[in-house]
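Novice: The file below is query-v4.txt, compact mmCIF, C-alpha atoms and all ligand atoms:
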```
# COMPACT_ATOMS: atom_id res chain seq x y z
CA MET Y 876 40.96 -23.10 -16.50
CA LEU Y 877 37.94 -21.23 -15.19
CA ILE Y 878 36.93 -22.14 -11.67
CA LYS Y 879 33.44 -20.97 -10.91
CA ILE Y 880 32.09 -20.02 -7.53
CA ARG Y 881 28.63 -19.04 -6.46
CA ARG Y 882 27.90 -16.60 -3.70
CA GLY Y 883 25.91 -18.31 -0.96
CA TRP Y 884 22.93 -16.03 -1.35
CA GLU Y 885 22.49 -16.85 -5.01
CA ILE Y 886 20.01 -19.49 -5.98
CA PRO Y 887 21.39 -22.97 -6.65
CA GLU Y 888 20.98 -23.92 -10.29
CA SER Y 889 18.84 -26.84 -9.22
CA GLN Y 890 16.24 -24.39 -7.97
CA ALA Y 891 13.86 -22.03 -9.65
CA THR Y 892 15.99 -19.71 -11.76
CA PRO Y 893 17.13 -21.18 -15.02
CA GLU Y 894 19.21 -18.10 -15.79
CA SER Y 895 21.25 -18.68 -12.69
CA ALA Y 896 24.96 -18.96 -13.33
CA PHE Y 897 28.09 -18.61 -11.31
CA PHE Y 898 30.38 -15.73 -10.77
CA ASN Y 899 33.67 -16.74 -12.15
CA ARG Y 900 36.83 -16.63 -10.19
CA ARG Y 901 38.87 -14.99 -12.88
CA SER Y 902 36.56 -11.97 -13.27
CA LEU Y 903 36.22 -11.60 -9.51
CA LEU Y 904 39.99 -11.69 -9.17
CA ALA Y 905 40.39 -9.20 -11.97
CA GLY Y 906 37.85 -6.90 -10.34
CA LEU Y 907 39.63 -7.10 -7.02
CA GLY Y 908 43.14 -6.61 -8.26
CA GLY Y 909 44.42 -10.14 -8.65
CA ALA Y 910 44.18 -11.53 -5.11
CA ALA Y 911 44.13 -15.29 -4.64
CA LEU Y 912 40.72 -16.85 -4.18
CA ALA Y 913 39.43 -20.01 -2.55
CA ALA Y 914 35.76 -20.68 -1.92
CA ALA Y 915 35.08 -22.04 1.55
CA LEU Y 916 31.45 -22.90 2.18
CA PRO Y 917 30.57 -23.77 5.75
CA ALA Y 918 28.07 -26.61 5.80
CA GLY Y 919 25.26 -27.76 8.02
CA ARG Y 920 22.15 -26.24 9.52
CA ALA Y 921 22.86 -24.37 12.72
CA ARG Y 922 21.02 -24.64 16.03
CA ALA Y 923 18.83 -21.87 17.39
CA ALA Y 924 20.89 -19.10 18.94
CA ALA Y 925 20.02 -17.14 22.04
CA PRO Y 926 19.20 -13.54 21.25
CA ALA Y 927 21.35 -10.76 22.58
CA ASP Y 928 19.78 -8.85 25.43
CA MET Y 929 20.55 -5.23 24.60
CA ALA Y 930 17.73 -2.95 25.79
CA ALA Y 931 15.61 -6.03 26.47
CA ASP Y 932 13.15 -4.02 28.56
CA LEU Y 933 11.92 -2.24 25.39
CA TYR Y 934 10.13 -5.39 24.21
CA PRO Y 935 7.50 -5.92 23.08
CA ALA Y 936 7.38 -2.51 21.44
CA LYS Y 937 4.09 -1.01 20.33
CA ARG Y 938 3.19 -2.05 16.77
CA ASN Y 939 2.80 0.83 14.30
CA PRO Y 940 -0.53 0.10 12.52
CA GLN Y 941 0.69 1.92 9.41
CA PHE Y 942 3.05 -0.96 8.65
CA THR Y 943 1.19 -4.25 8.59
CA LEU Y 944 1.05 -6.99 5.96
CA GLU Y 945 -1.37 -8.92 3.80
CA ARG Y 946 0.78 -12.04 4.00
CA ASP Y 947 1.62 -14.33 6.91
CA LEU Y 948 4.76 -13.65 8.88
CA THR Y 949 7.60 -16.04 8.17
CA ASP Y 950 8.09 -18.60 10.90
CA GLU Y 951 10.62 -17.22 13.38
CA LYS Y 952 12.90 -20.22 13.30
CA VAL Y 953 13.01 -20.12 9.50
CA ALA Y 954 13.73 -16.39 9.29
CA THR Y 955 16.44 -16.52 11.93
CA HIS Y 956 18.18 -19.53 10.39
CA TYR Y 957 18.30 -18.57 6.73
CA ASN Y 958 20.60 -15.60 6.60
CA ASN Y 959 23.10 -13.80 4.48
CA PHE Y 960 25.98 -12.54 6.57
CA TYR Y 961 29.19 -12.96 4.61
CA GLU Y 962 31.31 -11.92 7.55
CA PHE Y 963 30.44 -15.35 8.99
CA GLY Y 964 30.52 -17.39 5.79
CA SER Y 965 28.88 -17.60 2.42
CA SER Y 966 26.23 -20.18 3.25
CA LYS Y 967 22.79 -19.37 4.62
CA TYR Y 968 23.52 -21.21 7.86
CA VAL Y 969 25.71 -18.78 9.73
CA SER Y 970 23.76 -18.48 12.96
CA ASP Y 971 26.20 -20.54 15.04
CA ALA Y 972 29.26 -18.78 13.61
CA ALA Y 973 27.70 -15.36 14.22
CA GLN Y 974 27.48 -16.00 17.97
CA LYS Y 975 31.20 -15.20 18.18
CA LEU Y 976 30.45 -11.55 17.51
CA THR Y 977 30.84 -9.42 20.64
CA ILE Y 978 28.05 -6.87 20.69
CA GLN Y 979 28.42 -5.38 24.14
CA PRO Y 980 29.88 -2.86 24.35
CA TRP Y 981 29.06 -1.58 20.85
CA GLN Y 982 30.08 1.89 19.80
CA VAL Y 983 28.45 3.74 16.93
CA LYS Y 984 30.33 6.53 15.22
CA ILE Y 985 28.50 9.38 13.50
CA ASP Y 986 30.88 11.35 11.31
CA GLY Y 987 31.45 13.22 8.08
CA MET Y 988 29.31 16.24 7.24
CA VAL Y 989 27.61 16.68 10.61
CA GLU Y 990 27.40 19.52 13.08
CA LYS Y 991 29.62 17.56 15.48
CA GLU Y 992 31.17 14.12 15.00
CA MET Y 993 30.40 11.75 17.87
CA THR Y 994 30.77 8.21 19.12
CA VAL Y 995 27.83 6.88 21.09
CA ASP Y 996 27.15 3.66 22.91
CA ALA Y 997 24.58 1.68 20.88
CA GLU Y 998 22.31 1.13 23.86
CA ASP Y 999 22.40 4.86 24.76
CA LEU Y 1000 21.57 5.69 21.15
CA ILE Y 1001 18.66 3.24 21.04
CA ARG Y 1002 17.21 4.70 24.21
CA LYS Y 1003 17.09 8.14 22.60
CA MET Y 1004 15.06 6.84 19.64
CA PRO Y 1005 11.30 6.30 19.18
CA VAL Y 1006 11.18 2.49 19.25
CA GLU Y 1007 8.23 0.67 17.66
CA GLU Y 1008 7.36 -2.55 15.84
CA ARG Y 1009 6.69 -2.74 12.08
CA LEU Y 1010 5.78 -5.68 9.86
CA TYR Y 1011 7.82 -5.53 6.66
CA ARG Y 1012 8.30 -7.64 3.57
CA HIS Y 1013 11.98 -8.46 3.01
CA ARG Y 1014 12.91 -9.33 -0.61
CA CYS Y 1015 16.37 -10.63 -1.47
CA VAL Y 1016 17.83 -9.95 -4.93
CA GLU Y 1017 18.10 -13.71 -5.16
CA ALA Y 1018 14.29 -13.99 -5.56
CA TRP Y 1019 13.27 -15.25 -2.13
CA SER Y 1020 11.39 -13.27 0.46
CA MET Y 1021 10.24 -13.22 4.05
CA ALA Y 1022 7.79 -11.21 6.11
CA VAL Y 1023 9.21 -10.16 9.46
CA PRO Y 1024 8.19 -8.10 12.49
CA TRP Y 1025 11.09 -5.71 13.09
CA THR Y 1026 11.45 -3.67 16.24
CA GLY Y 1027 13.45 -0.51 15.77
CA PHE Y 1028 13.23 3.17 14.96
CA PRO Y 1029 12.89 5.32 11.85
CA LEU Y 1030 16.27 6.08 10.29
CA LYS Y 1031 15.19 9.70 9.99
CA ALA Y 1032 15.20 9.97 13.81
CA LEU Y 1033 18.89 9.06 13.78
CA VAL Y 1034 19.54 11.49 10.90
CA ASP Y 1035 17.90 14.30 12.86
CA TYR Y 1036 19.92 13.36 15.94
CA ALA Y 1037 23.13 13.51 13.87
CA LYS Y 1038 22.38 17.04 12.57
CA PRO Y 1039 23.88 16.67 9.07
CA ALA Y 1040 25.15 19.68 7.16
CA SER Y 1041 22.90 20.93 4.37
CA GLY Y 1042 25.49 19.86 1.78
CA ALA Y 1043 25.30 16.19 2.80
CA THR Y 1044 23.56 14.26 0.04
CA TYR Y 1045 24.27 10.64 1.04
CA LEU Y 1046 24.38 8.54 4.16
CA GLN Y 1047 26.94 5.73 4.17
CA MET Y 1048 26.60 2.91 6.70
CA GLN Y 1049 29.40 0.53 7.62
CA THR Y 1050 29.56 -2.87 9.32
CA PHE Y 1051 32.19 -3.79 11.93
CA GLN Y 1052 35.66 -4.98 10.92
CA LYS Y 1053 36.68 -7.81 13.29
CA PRO Y 1054 38.37 -10.65 11.41
CA GLU Y 1055 39.27 -12.27 14.72
CA GLU Y 1056 35.54 -12.84 15.38
CA ALA Y 1057 34.22 -13.00 11.83
CA PRO Y 1058 36.07 -15.64 9.77
CA GLY Y 1059 34.58 -14.39 6.52
CA GLN Y 1060 36.57 -11.21 6.93
CA ARG Y 1061 39.76 -13.24 6.68
CA GLN Y 1062 38.76 -13.92 3.08
CA PHE Y 1063 40.79 -10.98 1.90
CA TRP Y 1064 39.45 -10.99 -1.65
CA TYR Y 1065 36.19 -9.45 -0.42
CA PRO Y 1066 36.16 -5.66 -0.05
CA TRP Y 1067 35.61 -5.50 3.72
CA PRO Y 1068 34.12 -3.80 5.59
CA TYR Y 1069 30.59 -4.19 4.18
CA ILE Y 1070 29.20 -0.77 3.37
CA GLU Y 1071 25.94 0.50 1.98
CA GLY Y 1072 24.44 3.88 1.27
CA LEU Y 1073 21.24 5.81 0.73
CA THR Y 1074 20.51 9.25 -0.57
CA MET Y 1075 19.51 11.69 2.15
CA ALA Y 1076 16.00 11.73 0.69
CA GLU Y 1077 15.84 7.94 1.05
CA ALA Y 1078 17.25 8.08 4.57
CA HIS Y 1079 14.51 10.56 5.45
CA ASN Y 1080 11.75 8.42 3.96
CA ASP Y 1081 9.21 7.05 6.46
CA LEU Y 1082 9.98 3.46 5.47
CA ALA Y 1083 13.74 3.52 6.14
CA PHE Y 1084 14.13 1.78 9.48
CA ILE Y 1085 16.92 0.76 11.82
CA ALA Y 1086 16.05 -2.64 13.26
CA ILE Y 1087 17.25 -3.53 16.75
CA GLY Y 1088 14.88 -6.44 17.30
CA VAL Y 1089 12.76 -9.01 15.53
CA TYR Y 1090 9.87 -11.24 16.64
CA GLY Y 1091 9.41 -9.13 19.75
CA LYS Y 1092 12.94 -9.48 21.14
CA PRO Y 1093 16.46 -8.19 20.54
CA ILE Y 1094 17.70 -9.05 17.09
CA PRO Y 1095 19.87 -12.18 16.94
CA LYS Y 1096 23.47 -11.73 15.90
CA GLN Y 1097 23.01 -13.53 12.59
CA MET Y 1098 20.38 -10.95 11.60
CA GLY Y 1099 22.62 -7.99 12.31
CA ALA Y 1100 22.76 -7.25 16.04
CA PRO Y 1101 22.80 -4.81 17.59
CA LEU Y 1102 21.45 -2.61 14.80
CA ARG Y 1103 20.88 -3.06 11.07
CA LEU Y 1104 19.12 -1.25 8.28
CA ALA Y 1105 15.72 -2.31 6.85
CA THR Y 1106 14.75 -0.68 3.53
CA PRO Y 1107 11.95 -2.95 2.33
CA TRP Y 1108 11.47 -1.32 -1.10
CA LYS Y 1109 15.03 -2.27 -1.99
CA TYR Y 1110 16.70 -5.65 -2.43
CA GLY Y 1111 17.94 -7.12 0.84
CA PHE Y 1112 21.63 -6.48 0.18
CA LYS Y 1113 21.02 -2.79 0.90
CA SER Y 1114 20.05 -3.71 4.49
CA VAL Y 1115 23.52 -3.54 6.01
CA LYS Y 1116 23.91 -5.42 9.28
CA SER Y 1117 25.72 -4.72 12.57
CA ILE Y 1118 26.39 -1.07 11.80
CA VAL Y 1119 29.28 0.72 13.52
CA LYS Y 1120 29.42 3.91 11.49
CA PHE Y 1121 27.02 6.39 9.90
CA THR Y 1122 28.89 8.81 7.62
CA PHE Y 1123 27.20 11.82 6.04
CA THR Y 1124 28.83 12.72 2.77
CA ASP Y 1125 28.38 14.43 -0.58
CA LYS Y 1126 29.84 11.44 -2.45
CA ARG Y 1127 27.77 8.46 -3.50
CA PRO Y 1128 29.01 5.39 -1.59
CA LYS Y 1129 30.09 2.38 -3.61
CA ASN Y 1130 28.54 -0.56 -1.85
CA PHE Y 1131 30.08 -3.97 -1.13
CA TRP Y 1132 28.33 -5.90 -3.89
CA GLN Y 1133 28.74 -3.12 -6.42
CA THR Y 1134 32.49 -3.28 -5.86
CA ILE Y 1135 32.47 -7.04 -6.48
CA GLY Y 1136 30.00 -7.14 -9.38
CA PRO Y 1137 29.46 -3.67 -10.87
CA ASP Y 1138 27.58 -5.09 -13.86
CA GLU Y 1139 25.09 -6.86 -11.63
CA TYR Y 1140 24.65 -4.74 -8.52
CA GLY Y 1141 24.21 -1.01 -8.31
CA PHE Y 1142 23.51 1.75 -5.87
CA TRP Y 1143 19.72 1.92 -6.17
CA ALA Y 1144 18.59 -1.71 -6.00
CA ASN Y 1145 14.89 -0.85 -5.97
CA VAL Y 1146 12.72 -3.95 -6.29
CA ASN Y 1147 11.22 -4.19 -9.79
CA PRO Y 1148 9.73 -7.38 -11.26
CA ALA Y 1149 10.11 -5.99 -14.79
CA VAL Y 1150 13.89 -5.63 -14.64
CA PRO Y 1151 15.63 -9.01 -14.46
CA HIS Y 1152 18.93 -9.47 -12.76
CA PRO Y 1153 21.41 -10.16 -15.57
CA ARG Y 1154 21.33 -13.85 -14.62
CA TRP Y 1155 17.78 -14.52 -13.42
CA SER Y 1156 14.22 -13.22 -13.46
CA GLN Y 1157 12.87 -10.94 -10.73
CA ALA Y 1158 9.23 -11.46 -11.78
CA SER Y 1159 8.38 -13.69 -8.82
CA GLU Y 1160 9.78 -14.73 -5.47
CA GLU Y 1161 9.76 -17.78 -3.25
CA LEU Y 1162 8.21 -17.29 0.17
CA ILE Y 1163 10.75 -18.85 2.48
CA GLY Y 1164 9.28 -21.42 4.85
CA THR Y 1165 6.21 -22.26 2.74
CA GLY Y 1166 7.53 -25.33 0.97
CA GLY Y 1167 8.33 -23.46 -2.23
CA LYS Y 1168 5.26 -21.26 -2.73
CA ARG Y 1169 5.97 -18.44 -5.20
CA VAL Y 1170 4.16 -15.12 -5.55
CA PRO Y 1171 4.52 -12.33 -8.11
CA THR Y 1172 7.02 -9.67 -7.08
CA GLN Y 1173 5.62 -6.15 -6.77
CA ILE Y 1174 7.21 -2.92 -7.92
CA TYR Y 1175 9.07 -1.35 -4.98
CA ASN Y 1176 8.17 -4.58 -3.18
CA GLY Y 1177 4.66 -3.20 -2.76
CA TYR Y 1178 5.80 0.03 -1.10
CA GLY Y 1179 5.26 2.42 -4.04
CA GLU Y 1180 2.87 4.62 -2.07
CA PHE Y 1181 5.76 5.48 0.25
CA VAL Y 1182 8.68 5.74 -2.14
CA ALA Y 1183 7.66 6.10 -5.81
CA ASP Y 1184 7.81 9.90 -5.56
CA LEU Y 1185 11.49 9.73 -4.62
CA TYR Y 1186 12.38 8.57 -8.11
CA LYS Y 1187 9.77 10.10 -10.40
CA ASP Y 1188 11.91 12.93 -11.76
CA MET Y 1189 15.17 11.07 -12.04
CA PRO Y 1190 16.80 10.40 -15.40
CA LYS Y 1191 17.68 6.93 -16.65
CA GLN Y 1192 14.81 5.43 -14.73
CA GLU Y 1193 15.83 1.88 -15.53
CA ARG Y 1194 19.10 2.24 -13.67
CA LEU Y 1195 17.23 2.83 -10.45
CA PHE Y 1196 16.52 -0.86 -10.33
CA MET Y 1197 20.11 -2.03 -10.56
N1 LIG S 1 25.19 -7.01 5.89
C1 LIG S 1 26.44 -7.43 6.12
N2 LIG S 1 27.22 -6.74 6.95
N3 LIG S 1 26.94 -8.56 5.53
C2 LIG S 1 26.18 -9.28 4.63
O1 LIG S 1 26.68 -10.29 4.08
N4 LIG S 1 24.05 -9.50 3.46
C3 LIG S 1 22.95 -8.72 2.87
C4 LIG S 1 22.17 -7.93 3.94
N5 LIG S 1 23.08 -7.28 4.85
C5 LIG S 1 24.86 -8.84 4.36
C6 LIG S 1 24.37 -7.69 5.05
C7 LIG S 1 22.02 -9.53 2.11
S1 LIG S 1 22.60 -10.11 0.62
C8 LIG S 1 20.74 -9.77 2.52
S2 LIG S 1 19.59 -10.54 1.51
C9 LIG S 1 20.30 -9.41 3.89
O2 LIG S 1 21.34 -8.84 4.66
C10 LIG S 1 19.80 -10.65 4.59
O3 LIG S 1 19.24 -10.33 5.83
P1 LIG S 1 18.68 -11.50 6.77
O4 LIG S 1 19.79 -12.49 6.94
O5 LIG S 1 18.30 -10.82 8.05
O6 LIG S 1 17.50 -12.08 6.06
```
Using structure tokens, write down the structure that the file contains.

Specialist:
Amino acid sequence: MLIKIRRGWEIPESQATPESAFFNRRSLLAGLGGAALAAALPAGRARAAAPADMAADLYPAKRNPQFTLERDLTDEKVATHYNNFYEFGSSKYVSDAAQKLTIQPWQVKIDGMVEKEMTVDAEDLIRKMPVEERLYRHRCVEAWSMAVPWTGFPLKALVDYAKPASGATYLQMQTFQKPEEAPGQRQFWYPWPYIEGLTMAEAHNDLAFIAIGVYGKPIPKQMGAPLRLATPWKYGFKSVKSIVKFTFTDKRPKNFWQTIGPDEYGFWANVNPAVPHPRWSQASEELIGTGGKRVPTQIYNGYGEFVADLYKDMPKQERLFM
């Protein structure tokens, strides 16, 4: 018998994507080496959660006028209560569960191909960085999107601080591993910890941003406190939350979702309306919090002027969108 499960961040079949189908348990088990699987979906909409107060005196940060938007910002309550954070469950409503995460103290390790490996306190690190506010679109592979005001700093400032060796070609970023605080991490069939990666050229791109706040205050735990990635030209799963480690390497990282579904999720994940996900269209997206309004999806999520050059000479162009 095939028992089918759906990941919480995929669109219910009752909603807009007719191609939507379910991952099946047997293929997931096969991919993960035969572990037992049970789908546990926490239910219920969570209450508003108090934001963490790390570096609270930095808010509100000055808005960078280079990064503004043509669309309205998503309502704060909507954006902070519709989240994907599998460490706290596979539903969208993980904000209550995420409050269990201890974020102070928070150590960040910088290792791999760097001049000198180091472990720094997150707050000390943040205070060394050029903090500003940017308005970004945020497009999930599931075909919904938001527009959010992140506070944070350019990833390239952290890269420069880390002093990577010239041979480093990728930056891998890793989420915490704390099953005692994050019940999702007790679901051993997932390949914890959540990791993601960028090429060094991508990490150096102006758009790549480490968010430490949102809506003019420290980022709430459910959105990836105390620091998470924001790469708005890529699907949201690239934006790894609650980072504890930055590793410079010459090997391409295999990300969390690629490990689970290699035929459906790849390394690049650049937004492209012309390349459907194997199970649904990417041509348009639902603007969360607007009562179902849909807009056409733009190539690179509308950020081509910043990033298109990164990919222009690469072979197998179509794979850049997986
Ligand atoms: N990071 C971790 N550690 N765990 C996750 O489950 N989900 C990803 C990404 N980062 C995820 C993660 C996915 S699928 C998306 S769409 C975005 O976070 C959602 O970010 P948001 O909840 O702030 O909108």

Novice: From the list Y:Tyr1186, Y:Phe1123, Y:Asp1138, Y:Ile978, which residue is nearest Asp1035 (chain Y) when using only C-alpha atoms?

Specialist: Y:Phe1123

Novice: What is the distance between CA of Ala1086 (chain Y) and CA of Glu1055 (chain Y), in Å to one decimal?

Specialist: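 Pair CA of Ala1086 (chain Y) / CA of Glu1055 (chain Y) returns 25.2 Å.
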
Novice: Closest to ligand LIG 1 (chain S) among Y:Trp1025, Y:Tyr934, Y:Phe1084, Y:Phe1196, using all atoms listed in the file?

Specialist: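 For ligand LIG 1 (chain S), the nearest of the given residues is Y:Trp1025.
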
Novice: As an exercise, work out the distance from CA of His956 (chain Y) to CA of Leu1010 (chain Y) in Å and give it to one decimal place.

Specialist: 18.6 Å

Novice: At a cut-off of 6 Å around ligand LIG 1 (chain S), and using all atoms listed in the file, what residues come up? Please write them as a short mmCIF file (atom, residue, chain, number, x, y, z; two decimals) with C-alpha atoms, keeping the file's coordinate frame.

Specialist:
```cif
data_model
loop_
_atom_site.label_atom_id
_atom_site.label_comp_id
_atom_site.auth_asym_id
_atom_site.auth_seq_id
_atom_site.Cartn_x
_atom_site.Cartn_y
_atom_site.Cartn_z
CA ASN Y 958 20.60 -15.60 6.60
CA ASN Y 959 23.10 -13.80 4.48
CA PHE Y 960 25.98 -12.54 6.57
CA TYR Y 961 29.19 -12.96 4.61
CA GLU Y 962 31.31 -11.92 7.55
CA CYS Y 1015 16.37 -10.63 -1.47
CA THR Y 1050 29.56 -2.87 9.32
CA TYR Y 1069 30.59 -4.19 4.18
CA MET Y 1098 20.38 -10.95 11.60
CA GLY Y 1111 17.94 -7.12 0.84
CA PHE Y 1112 21.63 -6.48 0.18
CA SER Y 1114 20.05 -3.71 4.49
CA VAL Y 1115 23.52 -3.54 6.01
CA LYS Y 1116 23.91 -5.42 9.28
#
```

Novice: Excluding Asp1125 (chain Y) and any residue of its chain fewer than 3 positions from it, enumerate the residues within 8 Å of it, using all atoms listed in the file, and give them as a list in words.

Specialist: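 Close residues of Asp1125 (chain Y): Gly1042, Ala1043, Thr1044 and Tyr1045 of chain Y.
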
Novice: Keeping N, CA and C atoms (and nothing else), can you write region 936-963 of chain Y of this structure as a tab-separated table (two decimals), in the first residue's frame?

Specialist:
```
chain	number	residue	atom	x	y	z
Y	936	ALA	N	16.46	50.40	11.40
Y	936	ALA	CA	17.68	50.65	10.63
Y	936	ALA	C	17.33	51.50	9.42
Y	937	LYS	N	18.33	52.20	8.91
Y	937	LYS	CA	18.10	53.06	7.76
Y	937	LYS	C	17.73	52.21	6.54
Y	938	ARG	N	16.69	52.62	5.83
Y	938	ARG	CA	16.27	51.86	4.63
Y	938	ARG	C	17.20	52.18	3.47
Y	939	ASN	N	17.65	51.13	2.76
Y	939	ASN	CA	18.49	51.31	1.58
Y	939	ASN	C	17.56	51.57	0.38
Y	940	PRO	N	17.61	52.77	-0.20
Y	940	PRO	CA	16.66	53.13	-1.26
Y	940	PRO	C	16.85	52.31	-2.55
Y	941	GLN	N	17.95	51.57	-2.63
Y	941	GLN	CA	18.17	50.74	-3.82
Y	941	GLN	C	17.21	49.54	-3.84
Y	942	PHE	N	16.70	49.17	-2.65
Y	942	PHE	CA	15.89	47.96	-2.57
Y	942	PHE	C	14.50	48.30	-2.04
Y	943	THR	N	13.66	48.79	-2.95
Y	943	THR	CA	12.28	49.08	-2.58
Y	943	THR	C	11.38	48.24	-3.50
Y	944	LEU	N	10.08	48.38	-3.37
Y	944	LEU	CA	9.18	47.49	-4.11
Y	944	LEU	C	8.04	48.25	-4.76
Y	945	GLU	N	7.52	47.62	-5.83
Y	945	GLU	CA	6.36	48.18	-6.53
Y	945	GLU	C	5.07	47.63	-5.93
Y	946	ARG	N	5.18	46.62	-5.08
Y	946	ARG	CA	3.96	46.05	-4.50
Y	946	ARG	C	3.89	46.34	-3.00
Y	947	ASP	N	2.67	46.25	-2.46
Y	947	ASP	CA	2.49	46.53	-1.04
Y	947	ASP	C	3.22	45.49	-0.20
Y	948	LEU	N	3.70	45.93	0.96
Y	948	LEU	CA	4.27	44.97	1.90
Y	948	LEU	C	3.16	44.06	2.41
Y	949	THR	N	3.52	42.82	2.67
Y	949	THR	CA	2.57	41.88	3.27
Y	949	THR	C	2.32	42.32	4.72
Y	950	ASP	N	1.08	42.19	5.13
Y	950	ASP	CA	0.73	42.53	6.50
Y	950	ASP	C	1.64	41.75	7.47
Y	951	GLU	N	2.13	42.44	8.48
Y	951	GLU	CA	3.11	41.83	9.39
Y	951	GLU	C	2.58	40.56	10.06
Y	952	LYS	N	1.35	40.62	10.50
Y	952	LYS	CA	0.80	39.46	11.21
Y	952	LYS	C	0.69	38.25	10.27
Y	953	VAL	N	0.37	38.53	9.02
Y	953	VAL	CA	0.27	37.43	8.04
Y	953	VAL	C	1.66	36.83	7.79
Y	954	ALA	N	2.63	37.70	7.52
Y	954	ALA	CA	3.97	37.21	7.17
Y	954	ALA	C	4.63	36.46	8.33
Y	955	THR	N	4.31	36.87	9.55
Y	955	THR	CA	4.98	36.24	10.69
Y	955	THR	C	4.20	35.04	11.23
Y	956	HIS	N	3.08	34.73	10.58
Y	956	HIS	CA	2.29	33.58	11.03
Y	956	HIS	C	1.94	32.64	9.89
Y	957	TYR	N	2.77	32.64	8.89
Y	957	TYR	CA	2.61	31.72	7.74
Y	957	TYR	C	4.02	31.35	7.35
Y	958	ASN	N	4.55	30.36	8.00
Y	958	ASN	CA	5.99	30.10	7.89
Y	958	ASN	C	6.30	28.65	7.57
Y	959	ASN	N	7.43	28.46	6.95
Y	959	ASN	CA	7.98	27.13	6.78
Y	959	ASN	C	9.20	27.01	7.67
Y	960	PHE	N	9.12	26.14	8.63
Y	960	PHE	CA	10.26	25.92	9.53
Y	960	PHE	C	10.10	24.49	10.06
Y	961	TYR	N	10.57	23.56	9.23
Y	961	TYR	CA	10.32	22.14	9.50
Y	961	TYR	C	10.87	21.65	10.83
Y	962	GLU	N	11.82	22.36	11.36
Y	962	GLU	CA	12.35	21.99	12.67
Y	962	GLU	C	11.24	22.04	13.73
Y	963	PHE	N	10.19	22.85	13.45
Y	963	PHE	CA	9.11	23.00	14.42
Y	963	PHE	C	7.80	22.43	13.91
```
